[in-house]
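*Asks:* One file is attached below, model25.csv, containing CSV, C-alpha atoms.
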chain,number,residue,atom,x,y,z
A,24,MET,CA,0.0,0.0,0.0
A,25,THR,CA,1.4,3.4,-1.0
A,26,THR,CA,1.8,6.0,1.7
A,27,ALA,CA,1.1,9.7,1.0
A,28,ASN,CA,4.9,10.4,1.2
A,29,GLU,CA,5.7,7.7,-1.3
A,30,PHE,CA,3.1,9.0,-3.7
A,31,VAL,CA,4.4,12.6,-3.5
A,32,GLU,CA,8.0,11.3,-3.9
A,33,ARG,CA,7.0,9.5,-7.0
A,34,VAL,CA,5.5,12.6,-8.6
A,35,LEU,CA,8.6,14.7,-7.6
A,36,ALA,CA,10.9,12.0,-9.0
A,37,ARG,CA,9.4,12.8,-12.4
A,38,LEU,CA,9.9,16.6,-12.1
A,39,PRO,CA,13.5,17.9,-12.7
A,40,ASP,CA,15.0,20.3,-10.2
A,41,SER,CA,14.7,23.0,-12.8
A,42,VAL,CA,10.8,23.0,-12.6
A,43,PRO,CA,9.7,26.2,-11.0
A,44,ASP,CA,8.2,25.9,-7.5
A,45,ARG,CA,9.0,22.2,-7.4
A,46,GLU,CA,8.9,21.9,-3.6
A,47,GLN,CA,5.6,23.8,-3.5
A,48,ILE,CA,4.0,21.2,-5.8
A,49,GLY,CA,5.1,18.5,-3.3
A,50,LEU,CA,3.8,20.5,-0.3
A,51,GLU,CA,0.5,21.2,-1.9
A,52,LEU,CA,-0.1,17.6,-2.8
A,53,SER,CA,0.8,16.4,0.7
A,54,SER,CA,-1.5,19.1,2.1
A,55,HIS,CA,-4.3,18.0,-0.2
A,56,ILE,CA,-3.9,14.4,0.8
A,57,ALA,CA,-3.8,15.2,4.5
A,58,GLU,CA,-6.9,17.4,4.2
A,59,ARG,CA,-9.0,14.7,2.4
A,60,VAL,CA,-7.9,12.0,4.8
A,61,ALA,CA,-8.7,14.2,7.8
A,62,ARG,CA,-12.2,14.6,6.4
A,63,GLY,CA,-12.8,10.9,6.3
A,64,THR,CA,-11.7,9.8,2.8
A,65,LEU,CA,-9.6,6.6,2.7
A,66,LEU,CA,-6.0,7.3,1.7
A,67,GLU,CA,-6.4,4.7,-1.1
A,68,ASP,CA,-9.4,6.6,-2.6
A,69,VAL,CA,-7.6,9.9,-2.3
A,70,LEU,CA,-4.6,8.6,-4.2
A,71,ARG,CA,-6.8,7.0,-6.8
A,72,ASP,CA,-8.4,10.4,-7.4
A,73,LEU,CA,-5.0,12.0,-7.9
A,74,GLY,CA,-4.2,9.3,-10.5
A,75,ASP,CA,-1.0,7.8,-11.7
A,76,PRO,CA,2.0,9.8,-10.3
A,77,THR,CA,3.8,9.7,-13.6
A,78,ALA,CA,0.7,11.1,-15.5
A,79,LEU,CA,0.2,13.7,-12.8
A,80,ALA,CA,3.9,14.8,-13.1
A,81,GLU,CA,3.5,15.1,-16.9
A,82,SER,CA,0.4,17.4,-16.5
A,83,TYR,CA,2.5,19.7,-14.3
A,84,LEU,CA,5.3,19.5,-16.9
A,85,SER,CA,3.0,20.5,-19.7
A,86,ALA,CA,2.8,23.9,-18.0
A,87,VAL,CA,6.5,24.5,-18.4
A,88,PRO,CA,7.5,25.2,-22.0
A,89,LEU,CA,10.7,23.5,-23.2
A,90,VAL,CA,13.3,25.5,-25.1
A,91,SER,CA,15.8,23.6,-27.3
A,92,ALA,CA,19.4,24.2,-26.4
A,93,PRO,CA,21.4,26.3,-28.9
A,94,SER,CA,23.6,24.1,-31.0
A,95,LEU,CA,26.7,26.2,-30.4
A,96,HIS,CA,26.3,25.9,-26.6
A,97,ARG,CA,25.9,22.1,-27.0
A,98,ALA,CA,29.0,21.9,-29.0
A,99,VAL,CA,31.1,23.9,-26.6
A,100,ALA,CA,29.7,22.0,-23.6
A,101,LYS,CA,30.7,18.7,-25.3
A,102,LEU,CA,34.3,20.1,-25.8
A,103,VAL,CA,34.4,21.1,-22.2
A,104,ASP,CA,33.4,17.6,-21.1
A,105,LEU,CA,36.0,16.1,-23.5
A,106,ALA,CA,38.7,18.4,-22.1
A,107,ILE,CA,37.9,17.3,-18.6
A,108,VAL,CA,38.2,13.6,-19.5
A,109,LEU,CA,41.3,14.1,-21.5
A,110,ALA,CA,43.0,16.1,-18.8
A,111,ALA,CA,42.2,13.4,-16.2
A,112,VAL,CA,43.4,10.5,-18.4
A,113,ALA,CA,46.6,12.4,-19.4
A,114,LEU,CA,47.4,12.9,-15.8
A,115,LEU,CA,46.9,9.2,-15.0
A,116,ALA,CA,48.9,8.2,-18.1
A,117,THR,CA,51.8,10.5,-17.1
A,118,LEU,CA,51.7,9.0,-13.6
A,119,ALA,CA,51.7,5.5,-15.0
A,120,ALA,CA,54.6,6.3,-17.4
A,121,ALA,CA,56.7,7.5,-14.4
A,122,LEU,CA,56.0,4.5,-12.3
A,123,LEU,CA,55.9,1.7,-14.8
A,124,PRO,CA,59.0,0.3,-16.7
A,125,ARG,CA,59.8,1.9,-20.1
A,126,ARG,CA,58.9,-1.2,-22.2
A,127,LEU,CA,55.2,-0.8,-21.2
A,128,GLU,CA,55.0,2.6,-22.9
A,129,GLY,CA,52.9,1.3,-25.9
A,130,GLY,CA,50.5,-0.4,-23.5
A,131,ILE,CA,50.0,2.8,-21.5
A,132,VAL,CA,49.1,4.8,-24.7
A,133,LEU,CA,46.6,2.1,-25.7
A,134,GLY,CA,45.3,1.9,-22.2
A,135,ALA,CA,44.9,5.7,-22.0
A,136,LEU,CA,43.0,5.8,-25.3
A,137,PHE,CA,40.7,3.0,-24.2
A,138,THR,CA,40.1,4.6,-20.7
A,139,ALA,CA,39.4,8.0,-22.3
A,140,ILE,CA,36.6,6.6,-24.6
A,141,LEU,CA,35.1,4.5,-21.7
A,142,ALA,CA,35.3,7.4,-19.2
A,143,PHE,CA,33.8,9.8,-21.8
A,144,SER,CA,30.8,7.7,-22.5
A,145,ALA,CA,30.2,6.1,-19.1
A,146,GLY,CA,30.8,9.5,-17.4
A,147,THR,CA,28.2,11.1,-19.6
A,148,VAL,CA,25.7,8.4,-19.0
A,149,PHE,CA,26.2,8.7,-15.2
A,150,ALA,CA,26.1,12.5,-15.1
A,151,GLU,CA,23.0,12.8,-17.3
A,152,LEU,CA,21.2,10.1,-15.4
A,153,ARG,CA,22.1,11.3,-11.9
A,154,PHE,CA,22.1,15.1,-12.4
A,155,GLY,CA,20.4,15.6,-15.7
A,156,GLN,CA,23.5,17.4,-17.0
A,157,THR,CA,27.3,17.0,-17.5
A,158,PRO,CA,29.7,19.6,-16.2
A,159,GLY,CA,29.9,21.2,-19.7
A,160,LYS,CA,26.1,21.3,-20.0
A,161,ARG,CA,25.9,22.8,-16.5
A,162,ILE,CA,28.0,25.8,-17.5
A,163,PHE,CA,25.4,26.7,-20.2
A,164,GLY,CA,22.4,25.8,-18.1
A,165,LEU,CA,21.5,22.8,-20.4
A,166,ARG,CA,19.6,19.8,-19.2
A,167,VAL,CA,18.8,16.4,-20.7
A,168,VAL,CA,15.1,15.5,-20.4
A,169,ARG,CA,12.4,13.2,-21.8
A,170,GLU,CA,10.3,14.8,-24.5
A,171,SER,CA,7.7,15.5,-21.8
A,172,GLY,CA,10.4,17.4,-19.7
A,173,ALA,CA,10.8,14.6,-17.1
A,174,PRO,CA,14.2,13.3,-16.1
A,175,ILE,CA,15.6,10.5,-18.4
A,176,GLY,CA,16.0,6.8,-17.4
A,177,LEU,CA,19.0,4.5,-17.6
A,178,GLY,CA,18.1,3.0,-20.9
A,179,GLN,CA,17.7,6.5,-22.5
A,180,ALA,CA,21.0,7.7,-21.0
A,181,ILE,CA,22.8,4.7,-22.5
A,182,VAL,CA,21.1,5.0,-26.0
A,183,ARG,CA,22.1,8.6,-26.1
A,184,GLN,CA,25.8,7.6,-25.9
A,185,LEU,CA,25.6,4.8,-28.5
A,186,PRO,CA,26.7,6.9,-31.5
A,187,LEU,CA,30.1,7.5,-29.7
A,188,VAL,CA,30.5,3.7,-29.2
A,189,PHE,CA,29.6,3.1,-32.9
A,190,SER,CA,31.8,6.0,-34.0
A,191,VAL,CA,28.9,7.7,-35.8
A,192,PHE,CA,29.0,10.8,-33.6
A,193,PHE,CA,29.2,13.4,-36.3
A,194,VAL,CA,26.6,11.8,-38.5
A,195,ASP,CA,24.3,11.6,-35.5
A,196,ALA,CA,25.0,15.2,-34.3
A,197,PHE,CA,24.3,16.5,-37.8
A,198,PHE,CA,20.6,15.7,-37.3
A,199,ILE,CA,20.4,18.7,-34.9
A,200,PHE,CA,20.3,21.1,-37.8
A,201,PHE,CA,17.3,19.4,-39.4
A,202,THR,CA,15.0,18.3,-36.6
A,203,GLU,CA,12.2,20.3,-35.1
A,204,LYS,CA,13.4,19.9,-31.5
A,205,LYS,CA,17.1,20.2,-32.5
A,206,GLN,CA,17.6,16.5,-31.6
A,207,ARG,CA,20.4,14.1,-32.6
A,208,ALA,CA,19.3,10.9,-34.3
A,209,PHE,CA,19.9,8.9,-31.2
A,210,GLU,CA,18.1,11.4,-29.1
A,211,MET,CA,15.0,10.9,-31.3
A,212,LEU,CA,15.5,7.2,-30.9
A,213,SER,CA,15.7,7.5,-27.1
A,214,LYS,CA,12.9,10.1,-27.0
A,215,SER,CA,15.1,12.5,-25.1
A,216,ARG,CA,16.3,16.1,-25.9
A,217,VAL,CA,18.5,18.8,-24.5
A,218,VAL,CA,16.8,22.0,-23.3
A,219,LYS,CA,17.9,25.3,-22.0
A,220,VAL,CA,16.8,26.1,-18.5
B,22,MET,CA,-13.4,-9.5,-43.4
B,23,ARG,CA,-16.4,-7.1,-43.5
B,24,TYR,CA,-17.1,-7.9,-39.9
B,25,HIS,CA,-13.6,-6.9,-38.8
B,26,LEU,CA,-13.8,-3.7,-40.7
B,27,LEU,CA,-17.1,-2.9,-38.9
B,28,VAL,CA,-15.6,-3.6,-35.5
B,29,ALA,CA,-12.6,-1.4,-36.1
B,30,ASP,CA,-15.0,1.4,-37.3
B,31,GLU,CA,-17.1,1.1,-34.1
B,32,GLN,CA,-14.0,1.3,-31.9
B,33,GLU,CA,-12.7,4.3,-33.8
B,34,ARG,CA,-16.0,6.1,-33.5
B,35,ALA,CA,-16.1,5.4,-29.7
B,36,GLU,CA,-12.6,6.7,-29.3
B,37,GLY,CA,-13.5,9.8,-31.4
B,38,ARG,CA,-16.3,10.6,-29.0
B,39,ARG,CA,-14.1,10.2,-26.0
B,40,GLY,CA,-11.6,12.5,-27.8
B,41,ILE,CA,-14.1,15.3,-28.2
B,42,GLU,CA,-15.1,15.0,-24.6
B,43,ARG,CA,-11.5,15.2,-23.5
B,44,GLU,CA,-10.7,18.2,-25.7
B,45,LEU,CA,-13.8,20.0,-24.5
B,46,LYS,CA,-12.9,19.3,-20.9
B,47,ARG,CA,-9.3,20.4,-21.4
B,48,GLY,CA,-10.3,23.6,-23.0
B,49,SER,CA,-12.8,24.4,-20.3
B,50,LEU,CA,-10.7,23.5,-17.2
B,51,GLU,CA,-9.0,26.8,-16.9
B,52,LEU,CA,-12.3,28.6,-17.4
B,53,ILE,CA,-13.9,26.5,-14.6
B,54,VAL,CA,-11.1,27.2,-12.1
B,55,LEU,CA,-11.0,30.9,-12.9
B,56,HIS,CA,-14.8,31.0,-12.4
B,57,LEU,CA,-14.6,29.2,-9.1
B,58,LEU,CA,-12.0,31.7,-7.9
B,59,ALA,CA,-13.9,34.8,-9.0
B,60,PRO,CA,-15.9,35.4,-5.8
B,61,ALA,CA,-13.0,35.0,-3.3
B,62,GLU,CA,-9.6,33.5,-2.8
B,63,ALA,CA,-9.6,29.8,-2.0
B,64,TYR,CA,-7.1,26.9,-1.4
B,65,GLY,CA,-6.8,23.8,-3.5
B,66,TYR,CA,-9.0,21.5,-1.5
B,67,GLU,CA,-11.7,24.2,-1.3
B,68,ILE,CA,-11.7,24.6,-5.1
B,69,VAL,CA,-12.0,20.9,-5.6
B,70,SER,CA,-14.9,20.5,-3.3
B,71,LYS,CA,-16.7,23.5,-4.6
B,72,LEU,CA,-16.5,22.1,-8.1
B,73,ALA,CA,-17.9,18.8,-7.1
B,74,ALA,CA,-20.7,20.5,-5.1
B,75,GLU,CA,-21.7,23.0,-7.8
B,76,THR,CA,-21.8,20.5,-10.7
B,77,SER,CA,-22.9,17.5,-8.6
B,78,GLY,CA,-19.9,15.7,-10.1
B,79,ALA,CA,-21.3,15.9,-13.7
B,80,LEU,CA,-18.0,17.2,-15.1
B,81,GLU,CA,-16.0,14.3,-13.7
B,82,VAL,CA,-12.9,16.4,-13.1
B,83,THR,CA,-10.6,14.5,-10.8
B,84,ASP,CA,-8.3,16.1,-8.2
B,85,GLY,CA,-5.3,15.0,-10.3
B,86,THR,CA,-6.5,17.1,-13.2
B,87,LEU,CA,-7.2,20.2,-11.2
B,88,TYR,CA,-3.9,20.8,-9.4
B,89,PRO,CA,-1.8,21.0,-12.6
B,90,VAL,CA,-4.4,23.5,-13.9
B,91,LEU,CA,-3.9,25.7,-10.8
B,92,TYR,CA,-0.1,25.5,-11.5
B,93,ARG,CA,-0.6,26.5,-15.1
B,94,LEU,CA,-2.7,29.5,-14.1
B,95,GLU,CA,-0.1,30.5,-11.6
B,96,ARG,CA,2.7,30.3,-14.2
B,97,ALA,CA,0.6,32.4,-16.6
B,98,GLY,CA,0.2,35.1,-13.9
B,99,PHE,CA,-3.6,34.7,-13.8
B,100,VAL,CA,-3.6,33.8,-10.1
B,101,SER,CA,-1.4,34.9,-7.2
B,102,VAL,CA,-0.6,32.6,-4.3
B,103,ARG,CA,0.1,32.7,-0.6
B,104,TRP,CA,0.7,30.0,2.0
B,105,GLU,CA,-1.1,29.9,5.3
B,106,THR,CA,-0.8,27.3,8.1
B,107,PRO,CA,-4.0,27.1,10.2
B,108,GLN,CA,-3.6,26.6,14.0
B,109,ARG,CA,-4.3,22.9,13.8
B,110,GLY,CA,-3.5,21.2,10.5
B,111,VAL,CA,-1.4,21.3,7.3
B,112,PRO,CA,-0.3,24.4,5.4
B,113,ARG,CA,-2.7,25.6,2.7
B,114,LYS,CA,-1.8,27.3,-0.6
B,115,TYR,CA,-4.4,30.0,-1.3
B,116,TYR,CA,-5.1,31.2,-4.8
B,117,ARG,CA,-6.5,34.6,-5.7
B,118,LEU,CA,-7.4,36.0,-9.2
B,119,THR,CA,-5.1,38.7,-10.5
B,120,ASP,CA,-6.3,41.5,-12.8
B,121,ALA,CA,-4.9,39.5,-15.7
B,122,GLY,CA,-6.9,36.5,-14.4
B,123,ARG,CA,-10.1,38.5,-14.3
B,124,ALA,CA,-9.5,39.7,-17.9
B,125,GLU,CA,-8.8,36.1,-18.9
B,126,LEU,CA,-12.0,34.9,-17.2
B,127,ALA,CA,-14.0,37.5,-19.1
B,128,ALA,CA,-12.4,36.7,-22.4
B,129,LEU,CA,-12.8,32.9,-21.9
B,130,THR,CA,-16.4,33.3,-20.7
B,131,LEU,CA,-17.3,35.3,-23.9
B,132,GLU,CA,-15.6,32.8,-26.1
B,133,TRP,CA,-17.4,29.9,-24.4
B,134,THR,CA,-20.9,31.4,-24.5
B,135,THR,CA,-20.5,32.4,-28.1
B,136,PHE,CA,-19.4,28.9,-29.1
B,137,ALA,CA,-22.1,27.2,-27.0
B,138,ARG,CA,-24.9,29.5,-28.4
B,139,ALA,CA,-23.8,28.9,-32.0
B,140,MET,CA,-23.6,25.2,-31.4
B,141,SER,CA,-27.0,24.8,-29.8
B,142,ARG,CA,-28.5,27.1,-32.5
B,143,LEU,CA,-27.0,24.8,-35.1
B,144,LEU,CA,-28.2,21.6,-33.5
B,145,ARG,CA,-31.7,22.9,-32.7
B,146,THR,CA,-32.6,23.2,-36.4
B,147,GLY,CA,-34.2,19.9,-35.8
B,148,ARG,CA,-33.5,18.2,-39.1
B,149,ASP,CA,-31.6,15.4,-37.4
B,150,ALA,CA,-34.7,13.8,-36.1
B,151,ARG,CA,-36.2,12.8,-39.5
Could you spell out this file's structure in structure tokens?

*Replies:*
Amino acid sequence: MTTANEFVERVLARLPDSVPDREQIGLELSSHIAERVARGTLLEDVLRDLGDPTALAESYLSAVPLVSAPSLHRAVAKLVDLAIVLAAVALLATLAAALLPRRLEGGIVLGALFTAILAFSAGTVFAELRFGQTPGKRIFGLRVVRESGAPIGLGQAIVRQLPLVFSVFFVDAFFIFFTEKKQRAFEMLSKSRVVKV
Amino acid sequence: MRYHLLVADEQERAEGRRGIERELKRGSLELIVLHLLAPAEAYGYEIVSKLAAETSGALEVTDGTLYPVLYRLERAGFVSVRWETPQRGVPRKYYRLTDAGRAELAALTLEWTTFARAMSRLLRTGRDAR
């Protein structure tokens, strides 16, 4: 049986931090539930009347218009993220080169390349899933969301990074210039988009 | 083959009817809430109960549909809000119409009555019965 708090949490989980007055939405729903229950309605019935938490969150989201992120901001944000990963990997590689014997040099270069690609894609998946943005996107106030405006899920976060793994990044990114919501091909596939907050 | 086509057709028609009802409701929700707020400020639960009482539940608007409408009206600047915690009990969010909200209410009311009048005039011509 769902408690009032669980219900409100489920609604809020579908609303990104960028939604205006997000806490007020939670407070008001809690207040409504408490009021109805205090007047003798069963909690079960109160929650049924509020409907599915996901659908409720989406109706709130429909009041907040989404603005596509400018392509230039996205490009620079990507470069910033790349620079961060490359700097970290270069540091590690230098450290490894100093500590390990000379004959392993070739292995270190290969290892560094592999680590950079892995860290770049896995790091982006983690950051977009957990915070809705990477450090680079944060600078420009960009967020990754579902087409409804709700935060993305794990599957979507992974699909968004597939073009990098398949080495079709530029072909994929080119779609931004021709799609209505300025989406990459794999963003359309994962039903996600990048918006400006 | 024919039978299947017929069934599909029936389903489509039923869905179409629900569609019209849904669209009409969505278009009228803001008007309903603005109207309920016209006499005095009220908090969410009050508005919900007032709606149920004044229409005897005929509009079938659930609590879950109403709160996002209040949020939309707030974002649009048609209502202003304040919080108040009664001595015993949970905090309440009160809504009050702004000047822009009153203007919107007048505009939507005019739009609605014009549409409704034209629609009933059209349907009253009585030729459908034959």

*Asks:* Identify which of the residues A:Phe137, A:Tyr83, A:Phe30, A:Phe201 lies closest to chain B, counting only C-alpha atoms when measuring atom-to-atom distances.

*Replies:*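 Counting only C-alpha atoms, the residue closest to chain B is A:Tyr83.
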
*Asks:* Write down, as a PyMOL selection string, each residue of chain B that has any atom within 12 Å of an atom of chain A, counting all atoms listed in the file.

*Replies:* chain B and resi 47+64-70+81-97+102-107+109-116

*Asks:* Using all atoms listed in the file, which residues sit within 8 Å of stretch 55-61 of chain B once same-chain residues fewer than 6 positions away are excluded, as number ranges by chain?

*Replies:* B: 68, 71-72, 116-118, 122-123, 126

*Asks:* How many Å separate atom CA of A:Asp195 from atom CA of A:Thr147?

*Replies:*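 Result for atom CA of A:Asp195 versus atom CA of A:Thr147: 16.4 Å, one decimal.
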
*Asks:* Quick one, how far is atom CA of A:Val112 from atom CA of A:Arg126?

*Replies:*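 Computing it gives 19.8 Å between the two atoms.
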
*Asks:* Which residue gives the smallest distance to A:Gly178 among A:Lys214, A:Lys204, A:Lys101, A:Arg166, with all atoms listed in the file counted?

*Replies:*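 Among the listed residues, the smallest separation from A:Gly178 belongs to A:Lys214.
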
*Asks:* For atom CA of A:Val148 and atom CA of A:Gly176, determine how far apart the two atoms are, in Å to one decimal place.

*Replies:*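 One can read the atom CA of A:Val148 to atom CA of A:Gly176 distance as 10.0 Å.
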
*Asks:* Compare A:Leu115, A:Arg45, A:Gln206, A:Gly159 by their minimum atom-to-atom distance to A:Thr138, counting only C-alpha atoms, and give me the closest one.

*Replies:* A:Leu115

*Asks:* Set the distance at 9 Å and use only C-alpha atoms: which residues neighbour A:Ala36 once local chain neighbours fewer than 3 positions away are removed? I'd like the list as a PyMOL selection string.

*Replies:* chain A and resi 31-33+39+77+80+173-174

*Asks:* Tell me, as number ranges by chain, which residues lie within 9 Å of A:Leu105, counting all atoms listed in the file; anything in the same chain fewer than 3 positions away does not count.

*Replies:* A: 100-102, 108-110, 139, 143, 159

*Asks:* Mind filling out stretch 129-140 of chain A with N, CA and C atoms and sending it as a compact mmCIF listing (two decimals), in the frame of the given file?

*Replies:*
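Resulting contents of selection-v4.txt:
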# COMPACT_ATOMS: atom_id res chain seq x y z
N GLY A 129 53.99 1.50 -24.87
CA GLY A 129 52.90 1.30 -25.90
C GLY A 129 51.63 0.86 -25.23
N GLY A 130 51.72 0.01 -24.22
CA GLY A 130 50.50 -0.40 -23.50
C GLY A 130 49.83 0.72 -22.81
N ILE A 131 50.62 1.64 -22.26
CA ILE A 131 50.00 2.80 -21.50
C ILE A 131 49.26 3.67 -22.50
N VAL A 132 49.82 3.92 -23.68
CA VAL A 132 49.10 4.80 -24.70
C VAL A 132 47.80 4.12 -25.07
N LEU A 133 47.85 2.83 -25.34
CA LEU A 133 46.60 2.10 -25.70
C LEU A 133 45.62 2.13 -24.58
N GLY A 134 46.14 1.88 -23.36
CA GLY A 134 45.30 1.90 -22.20
C GLY A 134 44.63 3.24 -21.97
N ALA A 135 45.41 4.30 -22.18
CA ALA A 135 44.90 5.70 -22.00
C ALA A 135 43.79 5.95 -22.98
N LEU A 136 43.98 5.55 -24.23
CA LEU A 136 43.00 5.80 -25.30
C LEU A 136 41.68 5.08 -24.92
N PHE A 137 41.83 3.83 -24.52
CA PHE A 137 40.70 3.00 -24.20
C PHE A 137 39.94 3.63 -22.96
N THR A 138 40.71 4.01 -21.94
CA THR A 138 40.10 4.60 -20.70
C THR A 138 39.39 5.91 -21.07
N ALA A 139 39.99 6.72 -21.96
CA ALA A 139 39.40 8.00 -22.30
C ALA A 139 38.00 7.78 -22.95
N ILE A 140 37.94 6.84 -23.90
CA ILE A 140 36.60 6.60 -24.60
C ILE A 140 35.62 6.07 -23.58
